[in-house]
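Everything below belongs to my_file_9.pdb, which stores PDB, C-alpha atoms and all ligand atoms.
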```pdb
ATOM      1  CA  MET A   1      83.999  49.148  66.660
ATOM      2  CA  SER A   2      85.818  46.257  68.288
ATOM      3  CA  THR A   3      87.306  43.490  66.156
ATOM      4  CA  GLN A   4      84.606  41.061  67.251
ATOM      5  CA  LEU A   5      81.839  43.491  66.329
ATOM      6  CA  LYS A   6      83.492  44.167  62.980
ATOM      7  CA  THR A   7      83.759  40.424  62.293
ATOM      8  CA  THR A   8      80.076  40.003  63.143
ATOM      9  CA  MET A   9      79.035  42.970  60.998
ATOM     10  CA  ASP A  10      81.151  41.679  58.084
ATOM     11  CA  TRP A  11      79.454  38.285  58.417
ATOM     12  CA  ILE A  12      75.995  39.938  58.381
ATOM     13  CA  LYS A  13      76.906  41.986  55.286
ATOM     14  CA  GLY A  14      78.201  38.860  53.552
ATOM     15  CA  ARG A  15      74.976  36.961  54.238
ATOM     16  CA  VAL A  16      72.871  39.870  52.947
ATOM     17  CA  LYS A  17      74.969  40.258  49.786
ATOM     18  CA  GLU A  18      74.371  36.584  48.994
ATOM     19  CA  THR A  19      70.671  36.860  49.964
ATOM     20  CA  ALA A  20      71.434  34.003  52.343
ATOM     21  CA  TYR A  21      69.300  34.895  55.325
ATOM     22  CA  PHE A  22      65.853  34.317  56.815
ATOM     23  CA  HIS A  23      63.066  36.619  57.944
ATOM     24  CA  SER A  24      61.018  35.961  61.067
ATOM     25  CA  GLU A  25      57.252  35.993  60.695
ATOM     26  CA  HIS A  26      57.286  39.427  62.360
ATOM     27  CA  MET A  27      59.466  40.725  59.550
ATOM     28  CA  VAL A  28      57.253  39.217  56.864
ATOM     29  CA  ARG A  29      54.278  40.960  58.493
ATOM     30  CA  TYR A  30      56.098  44.307  58.471
ATOM     31  CA  LEU A  31      57.110  43.819  54.839
ATOM     32  CA  THR A  32      53.617  42.855  53.677
ATOM     33  CA  GLN A  33      52.178  45.829  55.587
ATOM     34  CA  ARG A  34      54.722  47.995  53.701
ATOM     35  CA  LEU A  35      56.178  49.360  56.927
ATOM     36  CA  PHE A  36      59.556  48.655  55.389
ATOM     37  CA  SER A  37      60.819  47.490  52.031
ATOM     38  CA  ILE A  38      63.249  44.608  51.661
ATOM     39  CA  GLU A  39      65.687  47.053  50.043
ATOM     40  CA  GLU A  40      65.553  49.335  53.110
ATOM     41  CA  ILE A  41      66.235  46.468  55.490
ATOM     42  CA  GLU A  42      69.064  45.171  53.314
ATOM     43  CA  SER A  43      70.639  48.629  53.029
ATOM     44  CA  VAL A  44      70.541  49.005  56.837
ATOM     45  CA  LEU A  45      72.363  45.691  57.196
ATOM     46  CA  LEU A  46      74.867  46.477  54.429
ATOM     47  CA  ASP A  47      75.846  49.927  55.761
ATOM     48  CA  GLY A  48      74.805  49.750  59.393
ATOM     49  CA  LYS A  49      76.626  49.491  62.684
ATOM     50  CA  ILE A  50      75.956  47.298  65.697
ATOM     51  CA  LEU A  51      74.367  49.549  68.297
ATOM     52  CA  GLU A  52      73.647  46.962  71.016
ATOM     53  CA  ILE A  53      74.198  43.287  71.703
ATOM     54  CA  HIS A  54      71.398  41.591  73.611
ATOM     55  CA  SER A  55      72.503  38.419  75.357
ATOM     56  CA  HIS A  56      70.008  35.797  76.394
ATOM     57  CA  PRO A  57      70.693  32.587  78.331
ATOM     58  CA  LEU A  58      68.660  30.361  75.993
ATOM     59  CA  ARG A  59      69.398  31.982  72.672
ATOM     60  CA  ASN A  60      72.347  33.253  70.744
ATOM     61  CA  ASP A  61      73.227  36.932  70.962
ATOM     62  CA  CYS A  62      70.914  39.313  69.121
ATOM     63  CA  TYR A  63      72.334  42.343  67.354
ATOM     64  CA  LEU A  64      70.570  45.676  67.136
ATOM     65  CA  ILE A  65      71.799  47.305  63.939
ATOM     66  CA  LEU A  66      71.417  51.007  63.219
ATOM     67  CA  GLY A  67      71.354  52.060  59.597
ATOM     68  CA  TYR A  68      69.774  54.664  57.382
ATOM     69  CA  SER A  69      67.522  54.706  54.363
ATOM     70  CA  TYR A  70      67.562  58.163  52.746
ATOM     71  CA  ASN A  71      68.628  59.684  56.120
ATOM     72  CA  LYS A  72      65.760  57.917  57.916
ATOM     73  CA  PRO A  73      67.203  55.934  60.857
ATOM     74  CA  ILE A  74      66.037  52.303  61.079
ATOM     75  CA  HIS A  75      66.808  49.722  63.742
ATOM     76  CA  VAL A  76      67.011  46.083  62.660
ATOM     77  CA  MET A  77      67.351  43.234  65.160
ATOM     78  CA  CYS A  78      69.007  40.072  63.905
ATOM     79  CA  THR A  79      70.776  37.001  65.213
ATOM     80  CA  LYS A  80      72.992  34.133  64.169
ATOM     81  CA  ASP A  81      71.208  30.922  65.039
ATOM     82  CA  LYS A  82      72.857  27.736  66.267
ATOM     83  CA  ASN A  83      73.258  26.486  62.689
ATOM     84  CA  GLY A  84      74.973  29.687  61.579
ATOM     85  CA  ASN A  85      72.023  31.233  59.766
ATOM     86  CA  LEU A  86      71.310  34.958  59.785
ATOM     87  CA  ILE A  87      67.769  35.550  61.018
ATOM     88  CA  ILE A  88      66.259  39.014  60.739
ATOM     89  CA  LEU A  89      63.917  39.217  63.709
ATOM     90  CA  TYR A  90      62.208  42.602  63.558
ATOM     91  CA  ALA A  91      62.718  46.239  62.634
ATOM     92  CA  TYR A  92      61.346  49.604  63.686
ATOM     93  CA  LEU A  93      61.864  53.325  63.383
ATOM     94  CA  PRO A  94      63.508  54.486  66.630
ATOM     95  CA  ALA A  95      61.251  57.066  68.286
ATOM     96  CA  ASN A  96      60.054  58.509  71.540
ATOM     97  CA  PRO A  97      59.409  57.461  74.241
ATOM     98  CA  THR A  98      62.000  54.690  73.952
ATOM     99  CA  TRP A  99      64.689  56.531  71.975
ATOM    100  CA  LYS A 100      65.885  60.107  72.502
ATOM    101  CA  ASP A 101      67.601  59.850  69.130
ATOM    102  CA  GLU A 102      68.531  56.845  67.010
ATOM    103  CA  LYS A 103      71.648  56.164  69.114
ATOM    104  CA  THR A 104      70.421  56.988  72.619
ATOM    105  CA  ARG A 105      67.758  55.334  74.737
ATOM    106  CA  THR A 106      65.730  57.551  77.016
ATOM    107  CA  GLN A 107      65.810  56.805  80.733
ATOM    108  CA  SER A 108      63.432  53.977  81.525
ATOM    109  CA  LYS A 109      60.346  54.962  83.481
ATOM    110  CA  GLY A 110      61.097  52.096  85.820
ATOM    111  CA  GLN A 111      59.523  48.696  85.918
ATOM    112  CA  THR A 112      56.925  47.884  88.555
ATOM    113  CA  MET A 113      56.481  44.305  89.676
ATOM    114  CA  ASP A 114      52.697  44.385  89.882
ATOM    115  CA  GLY A 115      52.170  41.557  87.451
ATOM    116  CA  ASN A 116      51.308  43.790  84.521
ATOM    117  CA  LEU A 117      53.332  43.528  81.382
ATOM    118  CA  LYS A 118      55.413  46.672  81.161
ATOM    119  CA  LYS A 119      58.159  45.890  78.688
ATOM    120  CA  CYS A 120      58.153  44.382  75.229
ATOM    121  CA  PHE A 121      59.903  41.021  75.085
ATOM    122  CA  PHE A 122      61.349  41.840  71.677
ATOM    123  CA  CYS A 123      62.582  45.408  71.952
ATOM    124  CA  ASN A 124      62.322  46.226  75.675
ATOM    125  CA  SER A 125      60.079  49.245  75.063
ATOM    126  CA  GLU A 126      57.021  50.419  76.924
ATOM    127  CA  ILE A 127      53.711  48.627  76.458
ATOM    128  CA  GLU A 128      50.477  50.535  76.578
ATOM    129  CA  PRO A 129      46.949  49.120  76.886
ATOM    130  CA  ILE A 130      44.804  49.284  73.758
ATOM    131  CA  THR A 131      41.713  47.669  72.301
ATOM    132  CA  VAL A 132      42.415  45.936  69.012
ATOM    133  CA  GLY A 133      39.674  46.686  66.489
ATOM    134  CA  ASN A 134      40.179  43.521  64.499
ATOM    135  CA  PHE A 135      42.364  40.733  65.795
ATOM    136  CA  ASP A 136      42.521  38.203  62.998
ATOM    137  CA  PHE A 137      44.167  34.895  62.270
ATOM    138  CA  ARG A 138      43.694  31.982  59.924
ATOM    139  CA  TRP A 139      42.974  28.465  61.068
ATOM    140  CA  GLU A 140      42.349  25.513  58.775
ATOM    141  CA  GLY A 141      41.313  27.729  55.881
ATOM    142  CA  ASP A 142      38.905  29.915  57.855
ATOM    143  CA  LEU A 143      39.576  33.541  58.694
ATOM    144  CA  TYR A 144      38.717  34.342  62.290
ATOM    145  CA  VAL A 145      38.145  38.014  63.154
ATOM    146  CA  ILE A 146      37.721  38.932  66.783
ATOM    147  CA  LYS A 147      36.557  42.475  67.461
ATOM    148  CA  GLY A 148      37.447  44.594  70.461
ATOM    149  CA  VAL A 149      40.155  42.486  72.081
ATOM    150  CA  PRO A 150      41.944  44.126  75.024
ATOM    151  CA  ALA A 151      45.677  43.963  74.403
ATOM    152  CA  GLY A 152      49.010  45.544  75.157
ATOM    153  CA  LEU A 153      50.745  47.333  72.313
ATOM    154  CA  CYS A 154      54.478  47.946  72.185
ATOM    155  CA  VAL A 155      54.901  51.641  71.405
ATOM    156  CA  GLN A 156      58.152  50.971  69.569
ATOM    157  CA  CYS A 157      57.931  47.786  67.471
ATOM    158  CA  GLY A 158      54.150  47.317  67.375
ATOM    159  CA  GLU A 159      54.122  43.831  68.868
ATOM    160  CA  LYS A 160      50.823  42.997  70.568
ATOM    161  CA  TYR A 161      50.336  41.010  73.761
ATOM    162  CA  ILE A 162      47.133  39.387  74.930
ATOM    163  CA  SER A 163      46.492  38.228  78.482
ATOM    164  CA  ALA A 164      45.861  34.563  79.281
ATOM    165  CA  ASP A 165      42.312  35.482  80.387
ATOM    166  CA  ALA A 166      41.567  37.200  77.088
ATOM    167  CA  SER A 167      43.106  34.280  75.137
ATOM    168  CA  LYS A 168      40.933  31.790  77.055
ATOM    169  CA  LYS A 169      37.837  33.844  76.285
ATOM    170  CA  ILE A 170      38.725  33.960  72.579
ATOM    171  CA  VAL A 171      39.288  30.184  72.438
ATOM    172  CA  ALA A 172      36.024  29.576  74.356
ATOM    173  CA  LYS A 173      34.073  31.731  71.881
ATOM    174  CA  ILE A 174      35.547  29.803  68.983
ATOM    175  CA  GLU A 175      34.714  26.469  70.609
ATOM    176  CA  GLN A 176      31.137  27.631  71.325
ATOM    177  CA  GLU A 177      30.874  28.822  67.697
ATOM    178  CA  ASP A 178      29.644  32.132  69.097
ATOM    179  CA  PHE A 179      30.134  34.078  65.898
ATOM    180  CA  THR A 180      28.437  35.928  63.087
ATOM    181  CA  GLY A 181      29.582  36.066  59.480
ATOM    182  CA  LYS A 182      29.483  33.447  56.810
ATOM    183  CA  ASP A 183      31.589  31.417  54.403
ATOM    184  CA  GLU A 184      35.193  31.470  55.501
ATOM    185  CA  VAL A 185      35.089  34.661  57.569
ATOM    186  CA  LEU A 186      33.963  34.126  61.145
ATOM    187  CA  ILE A 187      33.419  37.264  63.207
ATOM    188  CA  PHE A 188      33.470  37.209  66.991
ATOM    189  CA  GLU A 189      32.697  40.040  69.366
ATOM    190  CA  TYR A 190      35.060  39.867  72.312
ATOM    191  CA  LYS A 191      32.457  41.412  74.601
ATOM    192  CA  GLY A 192      29.171  39.675  75.189
TER     193      GLY A 192
HETATM  194 ZN    ZN B 201      58.552  46.017  71.053
END
```
Step by step, read the file and then write its structure as structure tokens.
Amino acid sequence: MSTQLKTTMDWIKGRVKETAYFHSEHMVRYLTQRLFSIEEIESVLLDGKILEIHSHPLRNDCYLILGYSYNKPIHVMCTKDKNGNLIILYAYLPANPTWKDEKTRTQSKGQTMDGNLKKCFFCNSEIEPITVGNFDFRWEGDLYVIKGVPAGLCVQCGEKYISADASKKIVAKIEQEDFTGKDEVLIFEYKG
């Protein structure tokens, strides 16, 4: 590891030891879904190595850290923001088809420029089309559940993407109050 990488990794470890870091909302979702425990993520950052640096013109560098929890490889993406805070962005278990093993990416299938979303913004993995059974969110105290939304699912980190057309249809249904359900749970069928 180069000196700069070692300095960065030492800084990350220091922040984690002092519990002086922040989780993104993605991470909180993973933690509440029990995909990972806080202890697992912390142990990856305390013993891990920087596998990749992702540079971005508008943001600070993001660091992909490889670490292990009981021999299970975990990737954690984090960054140092402009105010010097450690932000843990997301985490996943490296797997096919994106990773041959936890240290090696598979060859990309190649990106076509046909306007379809092919790569995950967060982890650069393949996106496959799915239908989300229940797409839910809270708004002003009400729980909105939209059934059967067409979406793109990242095969690696689980991030979902929804087209502008589908988003417009969802918003229109909400504005038309085209729902069933009662009390604070409003159920919308995407189709129809
Ligand atoms: Zn992803």
Determine, counting all atoms listed in the file, which protein, DNA and RNA residues have an atom within 12 Å of an atom of range 140-152 of chain A; residues of the same chain fewer than 6 positions away are not included. Present the result as a PDB file with C-alpha atoms, keeping the file's coordinate frame.
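Generated output (out31.pdb):
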```
ATOM      1  CA  ASN A 116      51.308  43.790  84.521  1.00  0.00           C
ATOM      2  CA  LEU A 117      53.332  43.528  81.382  1.00  0.00           C
ATOM      3  CA  LYS A 118      55.413  46.672  81.161  1.00  0.00           C
ATOM      4  CA  LYS A 119      58.159  45.890  78.688  1.00  0.00           C
ATOM      5  CA  CYS A 120      58.153  44.382  75.229  1.00  0.00           C
ATOM      6  CA  PHE A 121      59.903  41.021  75.085  1.00  0.00           C
ATOM      7  CA  SER A 125      60.079  49.245  75.063  1.00  0.00           C
ATOM      8  CA  GLU A 126      57.021  50.419  76.924  1.00  0.00           C
ATOM      9  CA  ILE A 127      53.711  48.627  76.458  1.00  0.00           C
ATOM     10  CA  GLU A 128      50.477  50.535  76.578  1.00  0.00           C
ATOM     11  CA  PRO A 129      46.949  49.120  76.886  1.00  0.00           C
ATOM     12  CA  ILE A 130      44.804  49.284  73.758  1.00  0.00           C
ATOM     13  CA  THR A 131      41.713  47.669  72.301  1.00  0.00           C
ATOM     14  CA  VAL A 132      42.415  45.936  69.012  1.00  0.00           C
ATOM     15  CA  GLY A 133      39.674  46.686  66.489  1.00  0.00           C
ATOM     16  CA  ASN A 134      40.179  43.521  64.499  1.00  0.00           C
ATOM     17  CA  GLY A 158      54.150  47.317  67.375  1.00  0.00           C
ATOM     18  CA  GLU A 159      54.122  43.831  68.868  1.00  0.00           C
ATOM     19  CA  LYS A 160      50.823  42.997  70.568  1.00  0.00           C
ATOM     20  CA  TYR A 161      50.336  41.010  73.761  1.00  0.00           C
ATOM     21  CA  ILE A 162      47.133  39.387  74.930  1.00  0.00           C
ATOM     22  CA  SER A 163      46.492  38.228  78.482  1.00  0.00           C
ATOM     23  CA  ALA A 164      45.861  34.563  79.281  1.00  0.00           C
ATOM     24  CA  ASP A 165      42.312  35.482  80.387  1.00  0.00           C
ATOM     25  CA  ALA A 166      41.567  37.200  77.088  1.00  0.00           C
ATOM     26  CA  SER A 167      43.106  34.280  75.137  1.00  0.00           C
ATOM     27  CA  LYS A 168      40.933  31.790  77.055  1.00  0.00           C
ATOM     28  CA  LYS A 169      37.837  33.844  76.285  1.00  0.00           C
ATOM     29  CA  ILE A 170      38.725  33.960  72.579  1.00  0.00           C
ATOM     30  CA  VAL A 171      39.288  30.184  72.438  1.00  0.00           C
ATOM     31  CA  LYS A 173      34.073  31.731  71.881  1.00  0.00           C
ATOM     32  CA  ILE A 174      35.547  29.803  68.983  1.00  0.00           C
ATOM     33  CA  GLU A 177      30.874  28.822  67.697  1.00  0.00           C
ATOM     34  CA  ASP A 178      29.644  32.132  69.097  1.00  0.00           C
ATOM     35  CA  PHE A 179      30.134  34.078  65.898  1.00  0.00           C
ATOM     36  CA  THR A 180      28.437  35.928  63.087  1.00  0.00           C
ATOM     37  CA  GLY A 181      29.582  36.066  59.480  1.00  0.00           C
ATOM     38  CA  LYS A 182      29.483  33.447  56.810  1.00  0.00           C
ATOM     39  CA  ASP A 183      31.589  31.417  54.403  1.00  0.00           C
ATOM     40  CA  GLU A 184      35.193  31.470  55.501  1.00  0.00           C
ATOM     41  CA  VAL A 185      35.089  34.661  57.569  1.00  0.00           C
ATOM     42  CA  LEU A 186      33.963  34.126  61.145  1.00  0.00           C
ATOM     43  CA  ILE A 187      33.419  37.264  63.207  1.00  0.00           C
ATOM     44  CA  PHE A 188      33.470  37.209  66.991  1.00  0.00           C
ATOM     45  CA  GLU A 189      32.697  40.040  69.366  1.00  0.00           C
ATOM     46  CA  TYR A 190      35.060  39.867  72.312  1.00  0.00           C
ATOM     47  CA  LYS A 191      32.457  41.412  74.601  1.00  0.00           C
ATOM     48  CA  GLY A 192      29.171  39.675  75.189  1.00  0.00           C
TER      49      GLY A 192
END
```
(message) Around (69.6, 40.7, 70.9), as given in the file, which residues come within 8 Å? Count only C-alpha atoms and list them as an MDAnalysis selection string.
(response) chainID A and resid 52:56 60:64 77:79
(request) Using the chain letters and residue numbers of this document, give as a PyMOL selection string the residues selected by the PyMOL selection byres (((chain A and resi 29) around 12) and not hetatm). (result) chain A and resi 23-28+30-38+89-91+157-159
(message) Given only C-alpha atoms as the basis, pick out the residue of A:Gln176, A:Phe137, A:Arg105, A:Asn96 nearest to Val155 in chain A.
(response)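 Closest residue, counting only C-alpha atoms: A:Asn96.
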(message) I'd like the residues picked by the PyMOL selection byres (((chain A and resi 75) around 10) and not hetatm) written out as a list in words, using the chain letters and numbers from the file.
(response) Ile41, Val44, Leu45, Gly48, Lys49, Ile50, Leu51, Tyr63, Leu64, Ile65, Leu66, Gly67, Tyr68, Pro73, Ile74, Val76, Met77, Cys78, Tyr90, Ala91, Tyr92, Leu93, Pro94, Glu102, Lys103 and Cys157 of chain A
(message) To one decimal place in Å, what is the distance between CA of Leu153 in chain A and CA of Thr106 in chain A?
(response)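 That distance, rounded to one decimal, is 18.7 Å.
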Hey, can I get the axis-aligned box for range 133-146 of chain A? All listed atoms, 8 Å padding on each side, centre and edge lengths in Å to one decimal, as AutoDock Vina command-line options.
```
--center_x 40.9 --center_y 36.1 --center_z 61.3 --size_x 22.4 --size_y 37.2 --size_z 26.9
```
(message) Given only C-alpha atoms and all ligand atoms as the basis, pick out the residue of A:Trp99, A:Tyr21, A:Phe122, A:Tyr70 nearest to ligand ZN 201 (chain B).
(response)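 Between A:Trp99, A:Tyr21, A:Phe122, A:Tyr70, the residue approaching ligand ZN 201 (chain B) most closely is A:Phe122.
Using all atoms listed in the file, the shortest contact distance between Glu42 in chain A and any of A:Glu175, A:Lys72, A:Ile88, A:Leu58 is found at A:Ile88.
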(message) Can you measure CA of Met9 in chain A to CA of Asp81 in chain A for me? One decimal in Å is fine.
(response)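 Taking CA of Met9 in chain A as the start and CA of Asp81 in chain A as the end point, the length is 14.9 Å.
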(request) Find the residue from A:Ser69, A:Ala172, A:Lys82, A:Pro97 that sits nearest to ligand ZN 201 (chain B); use only C-alpha atoms and all ligand atoms when measuring. (result)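 Of the candidates, the smallest distance to ligand ZN 201 (chain B) is held by A:Pro97.
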(message) I'd like to know which of A:Asp47, A:Thr98, A:Gly14, A:Trp139 is closest to ligand ZN 201 (chain B), using only C-alpha atoms and all ligand atoms.
(response) A:Thr98
(request) Between CA of Ala20 in chain A and CA of Asn71 in chain A, measure the distance and give it in Å to one decimal. (result) 26.1 Å
(message) Considering all atoms listed in the file, can you say which of A:Asn124, A:Thr104, A:Phe22, A:Thr8 comes closest to ligand ZN 201 (chain B)?
(response)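 Between A:Asn124, A:Thr104, A:Phe22, A:Thr8, the residue approaching ligand ZN 201 (chain B) most closely is A:Asn124.
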